[in-house]
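Only one structure is covered here, and it is reproduced in the block below.
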Amino acid sequence: MSSSSPAPTYYIAFVTVAVLVLKAVNEEVTEPYMDEPFHVPQAQAYCRGDYWTWDPKITTPPGLYVLSLILKKLFMLKCNLSMLRLTPLLSLLALPIALTPLLCYHKRERPPPSLTTPLLEAVLLASFPVAWFFGFLYYTEVPSLVSVVSTVVLAMQGRHWLAALIGLVSCTFRQNNIVWVLYAYALSQVLYLRFRRAAPNEKPPPKLHDPLALEAGPEDLLWAVLSAPKVLPDILLNFVPYALVMAAFGAFVVWNGGIVLGDKANHIPAFHVPQLYYFVGFATVFGWPALASGSGGVPAVGRDVYARMFGNRRNTAVTLVASVIMCLTIYKFTIQHPFLLSDNRHYTFYIWRRVFLLHPVVPYLLVPGYIACAWAWYLRIGHDQTLLQTLLLPVFVVPTLLPTPLLEPRYFLIPYILLRVQVKDVPLWGLVLEGLWYAGINAVTMWVFLYKERAGVGRFMW
């Protein structure tokens with residue numbers, strides 16, 4: 001296949017539908033909506049060359065506005081609402097191209113030689129409902145996701161200086177992307193240590209203790225930690241560019257007096273432990289086709305999860321202890337953010353009221369489900385990965401989600417995509433099922449947003 005290979009039909013269809021949806025959004029939503037009234041005027045100020053005016057209600061850095069300014073100068077675009085919405089749309093169209101090499105790395109396959117031939121699976125993942133929806137509004141979510149995915153890909157390719165640079169750019173969209181910059185480095189080094197081999201006639205390099213995830217036990221974590229000092233000299237040099245990004249980010253935090261740029265009163269970091277449980281549930285609701293498409297299907301998933309939870313006395317005891325701890329954290333650290341309780345234009349408002357507030361006992365009844373979902377994902381992605389490779393993402397999800405006091409699906413977007421790409425063996429029927437699931441959700445949510453506006457309430461969105 002040459003570098004000029006034509007785009008596959010499914011990608012052409014993805015682009016066509018996305019352009020038509022943006023056209024419908026611009027026709028129906030002619031005024032900035034929700035967060036757009038903050039972002040759009042700020043971008044227009046940049047387009048005028050006014051880089052010093054700043055709306056104090058905006059909490060994220062100006063990466064989105066700079067990207068729009070670059071597109072304006074490249075393509076001679078205007079800075080009206082319709083043209084500004086091209087920024088997230090173009091990011092959405094680039095997402096399958098960014099996801100393709102990442103999927104191929106996890107599958108251990110050679111990526112397509114042409115950027116215009118993304119994998120079908122990459123196109124389907126780019127239509128993930130939260131990413132798809134915010135690809136048509138002037139928000140930071142999709143450019144942020146593309147930059148993070150690109151950072152991870154470059155790090156896995158060993159292009160660490162460029163990865164660090166793109167990682168720095170990702171932090172100009174959302175500050176907490178600094179966590180994903182470190183994740184990119186950590187994942188690349190775990191994979192490097194796993195697959196490196198000694199050259200002929202050379203002494204074998206030190207090995208990190210990192211057995212296959214499904215064969216590992218709790219003691220293997222201890223052995224992994226104890227073996228780490230032996231391999232640190234081999235990976236420290238690659239950390240230099242990421243350390244410079246960390247230093248730049250630290251300087252920003254000191255200069256700014258915190259991570260949040262503006263409106264600090266409504267974005268105070270918290271210790272929101274249940275947010276981790278919500279993410280596991282969220283990932284399972286959206287990703288069940290990937291979970292169900294493994295060997296043996298749903299019955300096998302059920303059997304394996306049950307065995308991990310109750311297969312013997314030790315597993316049962318661990319499950320019971322974990323359940324008690326989780327119930328305590330739900331009791332102690334559940335946060336009902338004022339926005340969650342008052343803004344009835346978001347689906348989370350209704351989920352919270354009609355599920356979590358249905359009865360005081362409901363949040364606790366969900367605990368076994370959270371544990372089962374976590375095991376299902378661990379078993380699904382861990383069958384061909386090492387222990388550290390499988391646990392890296394949960395470790396980095398914690399500092400991303402734990403400080404966020406608001407239950408917000410957008411916060412789950414990057415963790416979900418990085419989790420889902422680790423499922424390497426979804427068969428074609430599973431991809432079709434996943435695509436239909438996403439398409440159905442996208443059709444309903446976009447139709448509701450565009451054509452079911454309620455007087456006195458507004459348009460419903462994620």
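Naming scheme: A, B, ... for chains in displayed order of the structure tokens; residues 1 onward per chain; ligands 1 onward as shown.
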Could you name the residues that touch region 342-358 of chain A at 12 Å or less, counting only C-alpha atoms, but leaving out those on the same chain fewer than 3 positions away, as a PyMOL selection string? chain A and resi 33-34+130+274+278+282+330+334-339+361-366+406-410+445+448-449+452-462
Taking only C-alpha atoms into account, produce a table as JSON lines in which each residue of region 130-231 of chain A with an atom at most 10 Å from an atom of region 372-386 of chain A appears once, together with its shortest atom pair and the distance in Å to one decimal, ordered by chain and rising number.
```
{"residue": "A:Val190", "atom": "CA", "partner": "A:Thr386", "partner_atom": "CA", "distance": 9.0}
{"residue": "A:Leu191", "atom": "CA", "partner": "A:Thr386", "partner_atom": "CA", "distance": 9.1}
{"residue": "A:Arg194", "atom": "CA", "partner": "A:Thr386", "partner_atom": "CA", "distance": 8.4}
{"residue": "A:His209", "atom": "CA", "partner": "A:Thr386", "partner_atom": "CA", "distance": 9.7}
{"residue": "A:Asp210", "atom": "CA", "partner": "A:Thr386", "partner_atom": "CA", "distance": 5.9}
{"residue": "A:Pro211", "atom": "CA", "partner": "A:Thr386", "partner_atom": "CA", "distance": 5.4}
{"residue": "A:Leu212", "atom": "CA", "partner": "A:Thr386", "partner_atom": "CA", "distance": 4.0}
{"residue": "A:Ala213", "atom": "CA", "partner": "A:Thr386", "partner_atom": "CA", "distance": 4.6}
{"residue": "A:Leu214", "atom": "CA", "partner": "A:His383", "partner_atom": "CA", "distance": 5.9}
{"residue": "A:Glu215", "atom": "CA", "partner": "A:His383", "partner_atom": "CA", "distance": 8.8}
{"residue": "A:Ala216", "atom": "CA", "partner": "A:Thr386", "partner_atom": "CA", "distance": 8.5}
```
Would you mind writing down, as a ChimeraX atom specification, each residue of region 140-319 of chain A that DSSP on the backbone assigns to alpha helix (DSSP H)? /A:141-156,160-171,178-195,218-256,274-292,297-310,313-319
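The gap separating CA of Ala300 (chain A) from CA of Ile325 (chain A) is 27.9 Å, in Å to one decimal.
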Would you tabulate, counting only C-alpha atoms, all residues of region 83-199 of chain A that have an atom at most 8 Å from an atom of region 423-435 of chain A, showing the closest pair of atoms and their distance in Å to one decimal, sorted by chain then ascending number, as JSON lines?
```
{"residue": "A:Leu103", "atom": "CA", "partner": "A:Lys424", "partner_atom": "CA", "distance": 7.3}
{"residue": "A:His106", "atom": "CA", "partner": "A:Lys424", "partner_atom": "CA", "distance": 6.2}
{"residue": "A:Lys107", "atom": "CA", "partner": "A:Lys424", "partner_atom": "CA", "distance": 5.2}
{"residue": "A:Glu121", "atom": "CA", "partner": "A:Leu431", "partner_atom": "CA", "distance": 6.7}
{"residue": "A:Leu124", "atom": "CA", "partner": "A:Gly435", "partner_atom": "CA", "distance": 5.7}
{"residue": "A:Ser127", "atom": "CA", "partner": "A:Gly435", "partner_atom": "CA", "distance": 7.9}
```
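Between Ala290 (chain A) and the residues A:Thr9, A:Phe134, A:Cys47, A:Gln422, the shortest atom-to-atom distance, using only C-alpha atoms, involves A:Gln422.
CA of Met246 (chain A) sits 9.7 Å away from CA of Val179 (chain A).
Compared by their closest atoms to Tyr306 (chain A), and using only C-alpha atoms, the residues A:Leu92, A:Pro368, A:Tyr139, A:Ser170 rank with A:Pro368 nearest.
Interatomic distance, CA of Ser147 (chain A) against CA of Asn177 (chain A): 9.3 Å.
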Determine, counting only C-alpha atoms, which protein, DNA and RNA residues have an atom within 10 Å of an atom of Lys78 (chain A); residues of the same chain fewer than 4 positions away are not included. Present the result as a count of residues only. 10
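With only C-alpha atoms as the atoms that count, the residue of A:Pro61, A:Tyr185, A:Gly311, A:Val280 with the shortest distance to Phe249 (chain A) is A:Pro61.
Contact shell of Ser91 (chain A) at 7 Å (only C-alpha atoms; same-chain neighbours under 3 positions omitted): Thr87, Pro88, Ala94, Leu95, Val142, Pro143 and Val146 of chain A.
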